[in-house]
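A short worksheet on the structure shown next.
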Number of protein chains: 2
Amino acid sequence: LAELLECVPNYSEGRDHETIKRLSACFDLPGCTLLDTQSDHDHNRSVFTLVGQREALLKGLTASVRVAVERINLRSHTGAHPRVGAVDVVPFVPLSGTSMEKAVAASREFAETVAREFRIPVYFYEESALRHERTNLENVRRKGFEDLASVIETDPDRAPDVGEPRIHPTAGAMITGARRPLIAYNIYLRTTDVSIAKSIAKSIRHSSGGLRYVKALGLDIPERGCVQVSMNLTNVTATTIPTVFEMVKSAADGYGVAISDSEVVGMIPMAALVEVSRRYLRMHTFRDVQILELRLLQDAEPQEVTS
Amino acid sequence: LAELLECVPNYSEGRDHETIKRLSACFDLPGCTLLDTQSDHDHNRSVFTLVGQREALLKGLTASVRVAVERINLRSHTGAHPRVGAVDVVPFVPLSGTSMEKAVAASREFAETVAREFRIPVYFYEESALRHERTNLENVRRKGFEDLASVIETDPDRAPDVGEPRIHPTAGAMITGARRPLIAYNIYLRTTDVSIAKSIAKSIRHSSGGLRYVKALGLDIPERGCVQVSMNLTNVTATTIPTVFEMVKSAADGYGVAISDSEVVGMIPMAALVEVSRRYLRMHTFRDVQILELRLLQDAEPQEVTS
């Protein structure tokens with residue numbers, strides 16, 4: 001079975017079009033699709049959204065590291081966004097049919113390749129973290145390239161997880177790891193009273209005592225003449241979309257307000273939608289492999305890695 | 001964008017393992033997955049379930065016609081199932097991102113190839129039918145190969161849609177067309193009274209005044225200690241699964257009976273599950289292209305057809 005992953009590499013270049021073009025060209029290969037490219041001039045940073053089979057992704061990523069090493073020099077890099085490397089952060093996200101363990105394994109293989117071929121020290125974060133304090137990205141990236149370069153050889157707490165404790169002179173270091181998909185999910189309410197949306201957001205979000213994997217805000221949406229509970233769902237396996245929907249519905253009902261509709265902003269893994277059928281149709285025994293399109297993807301031959 | 005189709009070719013050979021093996025080997029190519037092979041000795045017939053990209057499917061199908069022409073002789077064929085050809089019926093089913101029009105176009109291209117390369121006359125049925133009376137498969141296949149061979153040259157009502165009105169001496173004729181996916185969907189009720197399941201089945205099925213695209217039976221399931229409304233859904237775009245579920249739920253409630261769970265038997269196209277989210281989460285603006293896995297499939301390069 002082919003392993004399907006989402007990958008969202010962050011590069012420290014958001015201004016030079018030629019470099020961005022060469023980076024994105026690395027992913028023009030079978031078994032890999034570049035869904036989105038966002039380049040920010042002020043941050044001087046580009047973020048790609050990729051979906052693909054493990055082998056194809058790793059091949060494209062390695063090629064992109066080569067481009068970044070050749071064309072990005074952190075010693076002369078300026079930008080508002082914190083960063084430690086030319087290829088700064090590379091998260092892997094498991095999709096349908098691929099486990100978190102396999103996403104972690106992909107990050108490990110990528111780290112080994114980058115350390116060996118480019119002599120770039122690598123740090124693991126999120127689900128791939130080998131040290132608990134590195135789970136949170138900001139703990140790994142704090143104070144950025146310049147600070148890391150000055151302490152990496154002497155401070156054991158800042159030693160890399162893979163590779164020698166020596167910063168790459170121009171490309172710095174790299175952070176990689178596996179994480180769950182982030183889903184941007186909004187629910188619209190049939191009222192113009194934003195205080196109701198704010199109150200519901202407060203009741204559902206983790207930081208105020210709500211659901212473990214929900215971040216939420218109440219927003220006024222004047223162009224639609226209504227209000228919105230705007231959410232980030234950080235683990236839809238544990239806190240499912242139906243759970244969130246029903247809790248918001250119940251809270252809104254407490255104000256005599258109905259939900260008009262909801263929306264996913266951007267992309268969503270199929271597994272999150274399958275969960276909706278499991279819940280509302282009570283399809284307790286449904287398996288993802290019953291989905292025709294998914295079988296075609298999973299049975300695909302892993303892409304051969306040739307240079 | 002790659003066109004994704006399901007295809008379920010029926011071959012008039014269910015006994016000779018070598019022939020069945022050679023037929024199935026035709027689909028061992030990239031962009032095409034053989035999900036299931038069912039061979040029936042009494043019917044002397046094999047049914048393959050395939051999912052794939054249009055070009056890959058057509059390549060595999062054409063190769064399988066070559067095998068069938070070489071190895072199956074309808075003049076000496078015996079079996080309980082009605083048939084007109086060595087390759088008897090080849091339905092194409094559109095999957096996510098592919099329209100019914102494109103499935104019809106695939107059947108037309110396949111028919112032209114088969115008539116040209118193998119001199120087999122071809123008939124269109126279901127959505128591809130060019131004559132209204134050929135919409136229903138049984139109208140095309142009635143009385144089988146022997147009858148068709150005797151009238152095809154003289155009866156204009158039995159003339160093929162593609163190719164000369166002359167039966168292939170050993171391979172007969174072929175029927176192809178596009179149709180909607182068939183979904184086998186069962187709902188279990190928390191009762192042992194099968195009369196309730198039968199009554200609900202009657203109220204929901206088309207033939208008794210119910211929903212247009214639902215066939216239904218009420219069955220006793222003693223091994224689970226409950227009863228089942230067993231259904232075939234023939235057009236889940238028009239009669240959606242949530243519509244069916246809610247109607248059965250409401251009818252069961254009329255007997256004071258709850259639904260314990262439901263199940264899809266076999267495969268289901270992703271679009272049918274997306275509909276569940278649209279309905280229950282009120283996601284009126286959701287588009288299939290927001291599903292990560294689907295983007296990878298749809299952006300795949302069409303498979304090159306090489307021999």
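Here's how to read the names in the structure tokens: chain A, B, ... by the order shown, residue numbers from 1 in each chain, ligand numbers from 1 in the order shown.
Near chain B, within 6 Å and using only C-alpha atoms, the residues of chain A are A:Thr33, A:Asp261, A:Ser262, A:Glu263, A:Met267, A:Ile268, A:Pro269, A:Met270, A:Arg282, A:Met283, A:Gln290, A:Ile291, A:Leu292, A:Leu296.
Residues in contact with Arg83 of chain B at 7 Å, where only C-alpha atoms are counted and same-chain residues fewer than 4 positions away are skipped, are listed as Asp88, Arg141, Gly144 and Phe145 of chain B.
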With all heavy atoms kept, could you save the residues just selected as a short mmCIF file (atom, residue, chain, number, x, y, z; two decimals), in the first residue's frame?
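Saved result, again_30.cif, follows:
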```cif
data_model
loop_
_atom_site.label_atom_id
_atom_site.label_comp_id
_atom_site.auth_asym_id
_atom_site.auth_seq_id
_atom_site.Cartn_x
_atom_site.Cartn_y
_atom_site.Cartn_z
N ASP B 88 -19.35 -9.73 -22.08
CA ASP B 88 -20.80 -9.61 -22.20
C ASP B 88 -21.30 -8.19 -21.93
O ASP B 88 -21.92 -7.56 -22.79
CB ASP B 88 -21.46 -10.59 -21.22
CG ASP B 88 -22.94 -10.75 -21.48
OD1 ASP B 88 -23.32 -10.85 -22.67
OD2 ASP B 88 -23.72 -10.75 -20.51
N ARG B 141 -30.26 -7.94 -23.95
CA ARG B 141 -29.66 -9.26 -23.83
C ARG B 141 -30.65 -10.40 -24.03
O ARG B 141 -30.27 -11.57 -24.10
CB ARG B 141 -29.02 -9.38 -22.43
CG ARG B 141 -28.03 -10.50 -22.31
CD ARG B 141 -27.09 -10.29 -21.15
NE ARG B 141 -27.79 -10.09 -19.89
CZ ARG B 141 -27.16 -9.80 -18.73
NH1 ARG B 141 -25.86 -9.68 -18.70
NH2 ARG B 141 -27.85 -9.63 -17.63
N GLY B 144 -30.34 -14.05 -25.51
CA GLY B 144 -28.92 -14.37 -25.57
C GLY B 144 -28.28 -14.44 -26.94
O GLY B 144 -28.85 -14.02 -27.95
N PHE B 145 -27.07 -14.95 -26.94
CA PHE B 145 -26.20 -15.03 -28.11
C PHE B 145 -26.85 -15.73 -29.29
O PHE B 145 -26.84 -15.24 -30.42
CB PHE B 145 -24.91 -15.75 -27.70
CG PHE B 145 -24.05 -16.19 -28.84
CD1 PHE B 145 -23.33 -15.26 -29.58
CD2 PHE B 145 -23.94 -17.53 -29.18
CE1 PHE B 145 -22.52 -15.67 -30.64
CE2 PHE B 145 -23.14 -17.93 -30.23
CZ PHE B 145 -22.43 -17.00 -30.97
#
```
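Compared by their closest atoms to Ala197 of chain B, and using only C-alpha atoms, the residues B:Tyr125, B:Pro165, B:Tyr255, B:Arg179 rank with B:Tyr255 nearest.
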Those of segment 78-247 of chain A in DSSP alpha helix (DSSP H), formatted as a ChimeraX atom specification: /A:100-118,137-141,144-151,194-204,241-247
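The residue that comes closest to Val236 of chain A, out of A:Arg180, A:Lys21, A:Lys215, A:Lys249 and on the basis of only C-alpha atoms, is A:Arg180.
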Selection: 8 Å around His168 of chain A, only C-alpha atoms, excl. self and same-chain fewer than 2 positions, as a list in words: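 The neighbour list is Arg119, Ile120, Pro121, Arg166, Thr170, Ala171, Gly172 and Ala173 of chain A.
For segment 70-72 of chain A, the list of residues within 8 Å, based on only C-alpha atoms and with local chain neighbours fewer than 5 positions off taken out, reads Ser12, Glu13, Thr19, His77, Ala86, Thr170 and Ala171 of chain A.
You will find atom CA of Glu133 of chain A at 12.8 Å from atom CA of Ala159 of chain A.
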